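A.B. asks: One structure follows; several queries about it will come next.
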Amino acid sequence: MDILIKSICYHCGDSCISDRISKDEKSFCCNGCLAVYEILSSSKLGNYYHLNPHPGESQRGEKSKFAFLNEAEIASKIIHYQDANKTIVSFYIPAIHCSSCIWLLEHLNTLRDGILENRVDFLKKQVHIQFNHQKISLKEIAELLSEIGYEPLLNFQDVVNKDIQRKDDLIPKIALAGFCFGNAMLLSFPAYFGLSLQERDFGRFFSLLSLLFCIPSVFYSGSDYFKQAYKSLKKGVLNIDFPLALGISVLFLRTIFDYAFYLGDGFADSLTGLIFFLLIGKFVQQKTYHHISFERDYRSFFPVAVDMIQTDGITKPIALEQLKEGDRILVKNEEIIPADAILLRGNALIDFSFVTGEAEPVNKTLGEIIYAGGRQKGSALELEVIKPVSQSYLTGLWNNEAFQKHSEDKIQTFVNKVSHYFSIVLMIIALLTFFYWLPHWETGLNAFTAVLIVACPCALALSTPFTMSSALSIFDKNKFYLKSTDVVEQLAAIDTIVFDKTGTVTVADVNDISFSKSLSDNEKKMIYSACANSTHPLSRKICTYLGLHQVYNLKNYQEIPGKGISAIYQNDFICLGSQDFINQNAHSDSLHPEVHVSINQNYLGYFIIKQEYRAGLTHLLKDLNRQYQTYLISGDNKKDEVLLKDFFKTENDLLFNQSPQNKLDFIKRKQENNAKVLMIGDGLNDAGALKQSHAGIAVTDNINNFTPGSDAILDGEMLYLLPSFLRFSKAAVKIVHISFVIAICYNIIGISFAIQGLLSPLIAAILMPISTVTIISFTSIATHLAAKKHQLIS
């Protein structure tokens, strides 16, 4: 008779259904137990299994809550991008609250094979993950996050609307903690004022009631601190919840000990007050996060326009936030696809480097879904939107690390170098304080608890984001949209400014466009069709001048930045651009930009496009020339030199006939001479220069020139405020330094008083939210005053 021998799960001790799930010659009952084992092993916590056999809890029951993520229809609602090997998704993690959280979540790729990249948005409490779905599923990603204590909030209505609101139980916890605190304080009054011998029994009864009030306060209101501390310890990471949980435990055990052995009245009032004020501080932080998140979602509606195809076939530019599901849009060469859409017409060659960081363009066929964030390389496409637009998602792509400048972000530097060790250093200080006060163990215990509570890295870590978020809101109100807080510091450091010409310091007036000769209707339609595929400012003006709406289907469309456009319609070869590009030696006395045209090598003539300078350009450059070295670099010829030389310091500061590569090389040379360069262009022909510069600003005039190379987008009509923006950036950096000093002083002073035994745990708990409120108030008031000084607000 065969005897069936079932293997036992190495993690939890349950029977294994099969031996297929195994690792290191150990069997596991489910993938969940295997995942926990892998996490502990990789974190060098293998002794967890040596102390007790099968010490873990079965993970089978934990999996059901994320089973719905295996449904493709549901998963598609939260997936931002997917190809044969890669998926990109964002999760909202309510538990993110300190820098240790960031450190752990940004090391997810070390916990499980298949996770390629992960990035945390601290203020919005989101983690953006790239993973290989052939090695790990979306469901397994969510389960991994849950196992390490960061369960993602996945509400179906939330993932559709992209407006996640946490349904938290914090308010009832605060209410119960306040109730217990008030009653414990009331019952403590007799002990404070003294009791006669006849009333001693009442005092002991009051102490028992106070102790009973501690139980719901600790185990319900304060439960989150213990849960997070346990999960962090289980994974070998100390977060800020651990010292807080330890402080609460010490006070609770001390209160029980004092009551049981008649040693005193305990610390019921301090304990319940501690939990109440800790929760108040947590509530203040959450409200601040929500406000900043709302502000960021609001400011993500930067002025990017989309060409929507109306029912009559005519295209009309509309603001991106007005685009809705079912709309048909026209996406031109080098434009970003603003929403998930189905390809209806055109030859799609999509560059997804904006999304994935990989530059190899991908061909798409008719009827195929094209994900938001891809950039078209070639002739215009007609698309139908199938998913609601999320500008906050595009803003997230804009902040992708692949497109960041090579400079350190102060928030991340703090996180990586300080906050990861904060809890360890704090525990050492607290223990040394306790031993210092021995044998006065009562004072030592109070000082130990106060140190744990008063020292909070949140005020230190949040000083920079709170300050910069206040600064960003000022910029937003003036139609100046920055990709991240780091850009403010980059703007404050620059000493050299390089301007592009066309579309930046000049704007074309459609009423001042003319053609040197007459054109036939068919020639006009071919020229219009070629220009309609381009986003260049001059191409758009030519389309408006021709006033047509019918677009021919072109083949072999090609646009060479700084030179021109070529395409084939039926058997006709169309060429538009500079004289050199179309190989013509036409003579012109015009002082304005020209676009030359040839069809089948037959020269037809040229467009003369008279341009006007932006309003306030004279005052703008006069102001900037006092503090900065300014240059103008253009792909046009020198005909504008006579008109522009008076705006710059010398004629050598004006460079013409420059290709996009020439612009990039010019900025490199300046940087090699230690110049901090700000590049201002239209985001099209100078995308490389914008990315190379220390800070790049793309100037927009109702067009989709959203480029990952730029650090900011500025509405063209607000260019005259550039000097004020730069001065305000310097003021904002000063405010950051001051707020940082305030946060450091708070921690130093608080810990020094706690070490001396002069700070009770209750007072320490009150000081925690006060520190956060102080930082928020200071930054808000200081940035408001600085903005008013520089005339950015009234």
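Quick note on naming: the chains in the structure tokens go A, B, ... in the order shown, residues restart at 1 in each chain, and ligands are numbered from 1 in order of appearance.
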Using only C-alpha atoms, which protein or nucleic acid residues come within 9 Å of range 493-498 of chain A? Drop anything in the same chain fewer than 2 positions from it, and give the result as a VMD selection string.

C.D. replies: chain A and resid 488 to 491 500 624 627 to 633 667 670 675 to 681 694 to 695 726 729 to 730

A.B. asks: Please provide the set of residues having any atom within 7 Å of Ile369 in chain A, restricted to only C-alpha atoms, with same-chain residues fewer than 6 positions apart removed, written as a list in words.

C.D. replies: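 After dropping sequence-adjacent residues, the list is Asp340, Ala341, Ile342 and Leu343 of chain A.
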
A.B. asks: So how many Å separate CA of Gly374 in chain A and CA of Leu330 in chain A, to one decimal?

C.D. replies: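 Result for CA of Gly374 in chain A versus CA of Leu330 in chain A: 13.9 Å, one decimal.
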
A.B. asks: If we count only C-alpha atoms, what is near range 559-564 of chain A at a cut-off of 10 Å, once residues fewer than 2 positions away on the same chain are taken out, given as a CSV table (one decimal) with N, CA, C and O atoms, in the first residue's frame?

C.D. replies:
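Result file follows (out-v6.csv):
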chain,number,residue,atom,x,y,z
A,333,ASN,N,3.5,65.2,-36.1
A,333,ASN,CA,4.9,64.8,-35.9
A,333,ASN,C,5.5,65.4,-34.6
A,333,ASN,O,5.4,66.7,-34.4
A,334,GLU,N,6.1,64.6,-33.8
A,334,GLU,CA,6.8,65.1,-32.6
A,334,GLU,C,5.9,65.5,-31.5
A,334,GLU,O,6.3,66.0,-30.4
A,377,LYS,N,6.4,59.8,-34.5
A,377,LYS,CA,7.6,60.2,-35.3
A,377,LYS,C,7.1,60.0,-36.8
A,377,LYS,O,7.2,58.9,-37.3
A,378,GLY,N,6.7,61.0,-37.4
A,378,GLY,CA,6.2,60.9,-38.8
A,378,GLY,C,5.0,61.7,-39.0
A,378,GLY,O,4.7,62.7,-38.3
A,379,SER,N,4.2,61.3,-40.1
A,379,SER,CA,3.0,62.1,-40.5
A,379,SER,C,1.9,62.1,-39.4
A,379,SER,O,2.0,61.2,-38.5
A,530,ALA,N,1.4,69.1,-46.1
A,530,ALA,CA,2.7,69.0,-45.5
A,530,ALA,C,2.9,69.7,-44.2
A,530,ALA,O,3.4,69.2,-43.2
A,531,CYS,N,2.4,71.0,-44.2
A,531,CYS,CA,2.5,71.8,-43.0
A,531,CYS,C,1.6,71.3,-41.9
A,531,CYS,O,1.9,71.5,-40.7
A,533,ASN,N,1.1,68.5,-40.9
A,533,ASN,CA,1.7,67.4,-40.1
A,533,ASN,C,2.7,67.9,-39.1
A,533,ASN,O,3.2,67.1,-38.3
A,534,SER,N,3.1,69.1,-39.2
A,534,SER,CA,4.2,69.7,-38.4
A,534,SER,C,3.6,70.6,-37.2
A,534,SER,O,2.6,71.2,-37.3
A,536,HIS,N,5.8,72.9,-36.0
A,536,HIS,CA,6.6,74.1,-36.0
A,536,HIS,C,5.8,75.4,-36.1
A,536,HIS,O,4.8,75.4,-36.8
A,539,SER,N,5.1,76.5,-39.6
A,539,SER,CA,4.2,75.6,-40.3
A,539,SER,C,2.7,75.9,-40.0
A,539,SER,O,1.8,75.9,-40.8
A,556,ASN,N,6.0,58.8,-46.8
A,556,ASN,CA,7.4,59.2,-46.6
A,556,ASN,C,7.6,60.6,-46.0
A,556,ASN,O,8.5,61.3,-46.3
A,557,TYR,N,6.7,60.9,-45.1
A,557,TYR,CA,6.8,62.2,-44.4
A,557,TYR,C,8.0,62.3,-43.5
A,557,TYR,O,8.3,61.3,-42.8
A,566,SER,N,9.8,67.2,-45.9
A,566,SER,CA,9.7,66.6,-47.2
A,566,SER,C,8.6,65.5,-47.1
A,566,SER,O,8.4,64.9,-46.0
A,567,ALA,N,7.9,65.3,-48.2
A,567,ALA,CA,6.8,64.2,-48.2
A,567,ALA,C,6.5,63.9,-49.7
A,567,ALA,O,6.8,64.7,-50.6
A,575,CYS,N,8.7,69.6,-50.9
A,575,CYS,CA,9.8,70.0,-50.1
A,575,CYS,C,9.6,71.5,-49.6
A,575,CYS,O,9.4,72.4,-50.5
A,576,LEU,N,9.7,71.7,-48.3
A,576,LEU,CA,9.5,73.1,-47.7
A,576,LEU,C,10.6,73.2,-46.7
A,576,LEU,O,10.9,72.3,-46.0
A,577,GLY,N,11.2,74.5,-46.7
A,577,GLY,CA,12.2,74.7,-45.6
A,577,GLY,C,13.1,75.9,-46.0
A,577,GLY,O,12.8,76.8,-46.8
A,578,SER,N,14.3,75.7,-45.6
A,578,SER,CA,15.4,76.7,-45.9
A,578,SER,C,15.9,76.6,-47.3
A,578,SER,O,15.6,75.6,-48.0
A,579,GLN,N,16.6,77.6,-47.8
A,579,GLN,CA,17.1,77.6,-49.1
A,579,GLN,C,18.1,76.4,-49.3
A,579,GLN,O,18.0,75.7,-50.3
A,580,ASP,N,18.9,76.2,-48.3
A,580,ASP,CA,19.9,75.1,-48.4
A,580,ASP,C,19.2,73.7,-48.4
A,580,ASP,O,19.6,72.8,-49.1
A,581,PHE,N,18.0,73.6,-47.7
A,581,PHE,CA,17.3,72.3,-47.6
A,581,PHE,C,16.7,71.9,-49.0
A,581,PHE,O,16.7,70.7,-49.4
A,582,ILE,N,16.2,72.9,-49.8
A,582,ILE,CA,15.6,72.6,-51.1
A,582,ILE,C,16.6,72.8,-52.2
A,582,ILE,O,16.2,72.8,-53.4
A,595,VAL,N,10.2,80.7,-45.8
A,595,VAL,CA,10.0,79.2,-46.0
A,595,VAL,C,9.9,79.0,-47.5
A,595,VAL,O,8.9,79.4,-48.1
A,596,HIS,N,10.9,78.3,-48.0
A,596,HIS,CA,11.0,78.1,-49.5
A,596,HIS,C,10.3,76.8,-49.8
A,596,HIS,O,10.2,75.9,-49.0
A,597,VAL,N,9.7,76.8,-51.0
A,597,VAL,CA,8.9,75.6,-51.5
A,597,VAL,C,9.3,75.1,-52.8
A,597,VAL,O,9.6,75.9,-53.7
A,634,SER,N,19.6,81.0,-33.0
A,634,SER,CA,18.5,80.8,-33.9
A,634,SER,C,18.9,80.0,-35.1
A,634,SER,O,20.1,80.0,-35.6
A,635,GLY,N,18.0,79.2,-35.7
A,635,GLY,CA,18.2,78.5,-36.9
A,635,GLY,C,18.0,79.3,-38.2
A,635,GLY,O,18.3,78.9,-39.3
A,636,ASP,N,17.5,80.5,-38.0
A,636,ASP,CA,17.2,81.4,-39.1
A,636,ASP,C,18.5,82.1,-39.5
A,636,ASP,O,19.5,82.1,-38.8
A,657,ASN,N,21.8,80.7,-38.0
A,657,ASN,CA,22.1,79.6,-38.9
A,657,ASN,C,22.6,78.4,-38.0
A,657,ASN,O,23.5,77.7,-38.4
A,658,GLN,N,22.0,78.2,-36.9
A,658,GLN,CA,22.4,77.2,-35.9
A,658,GLN,C,21.4,76.0,-36.0
A,658,GLN,O,20.2,76.2,-35.9
A,659,SER,N,22.0,74.8,-36.2
A,659,SER,CA,21.2,73.6,-36.2
A,659,SER,C,20.9,73.2,-34.7
A,659,SER,O,21.5,73.7,-33.8
A,660,PRO,N,19.9,72.3,-34.5
A,660,PRO,CA,19.7,71.8,-33.1
A,660,PRO,C,20.9,71.3,-32.5
A,660,PRO,O,21.1,71.5,-31.3
A,661,GLN,N,21.8,70.6,-33.2
A,661,GLN,CA,23.0,70.1,-32.6
A,661,GLN,C,24.0,71.2,-32.2
A,661,GLN,O,24.6,71.2,-31.2
A,684,LEU,N,10.5,72.3,-29.5
A,684,LEU,CA,10.4,71.5,-30.7
A,684,LEU,C,11.8,71.3,-31.3
A,684,LEU,O,12.4,70.2,-31.1
A,685,ASN,N,12.3,72.3,-32.0
A,685,ASN,CA,13.6,72.1,-32.6
A,685,ASN,C,14.8,72.2,-31.6
A,685,ASN,O,15.9,71.8,-31.9
A,686,ASP,N,14.5,72.6,-30.4
A,686,ASP,CA,15.6,72.7,-29.4
A,686,ASP,C,15.4,71.8,-28.2
A,686,ASP,O,15.8,72.2,-27.1
A,687,ALA,N,14.7,70.7,-28.4
A,687,ALA,CA,14.5,69.8,-27.3
A,687,ALA,C,15.8,69.3,-26.7
A,687,ALA,O,15.9,69.1,-25.5

A.B. asks: Of the candidates A:Ala786, A:Met185, A:Cys543, A:Cys29, which shows the shortest atom-to-atom distance to Ala471 in chain A, using only C-alpha atoms?

C.D. replies: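 Selected residue with least distance to Ala471 in chain A: A:Ala786.
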
A.B. asks: Work out how far apart CA of Ile215 in chain A and CA of Gly247 in chain A are and give it in Å to one decimal.

C.D. replies: 15.2 Å

A.B. asks: Distance CA of Ser752 in chain A-CA of His737 in chain A, one decimal place?

C.D. replies: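 Separation of CA of Ser752 in chain A and CA of His737 in chain A: 22.3 Å.
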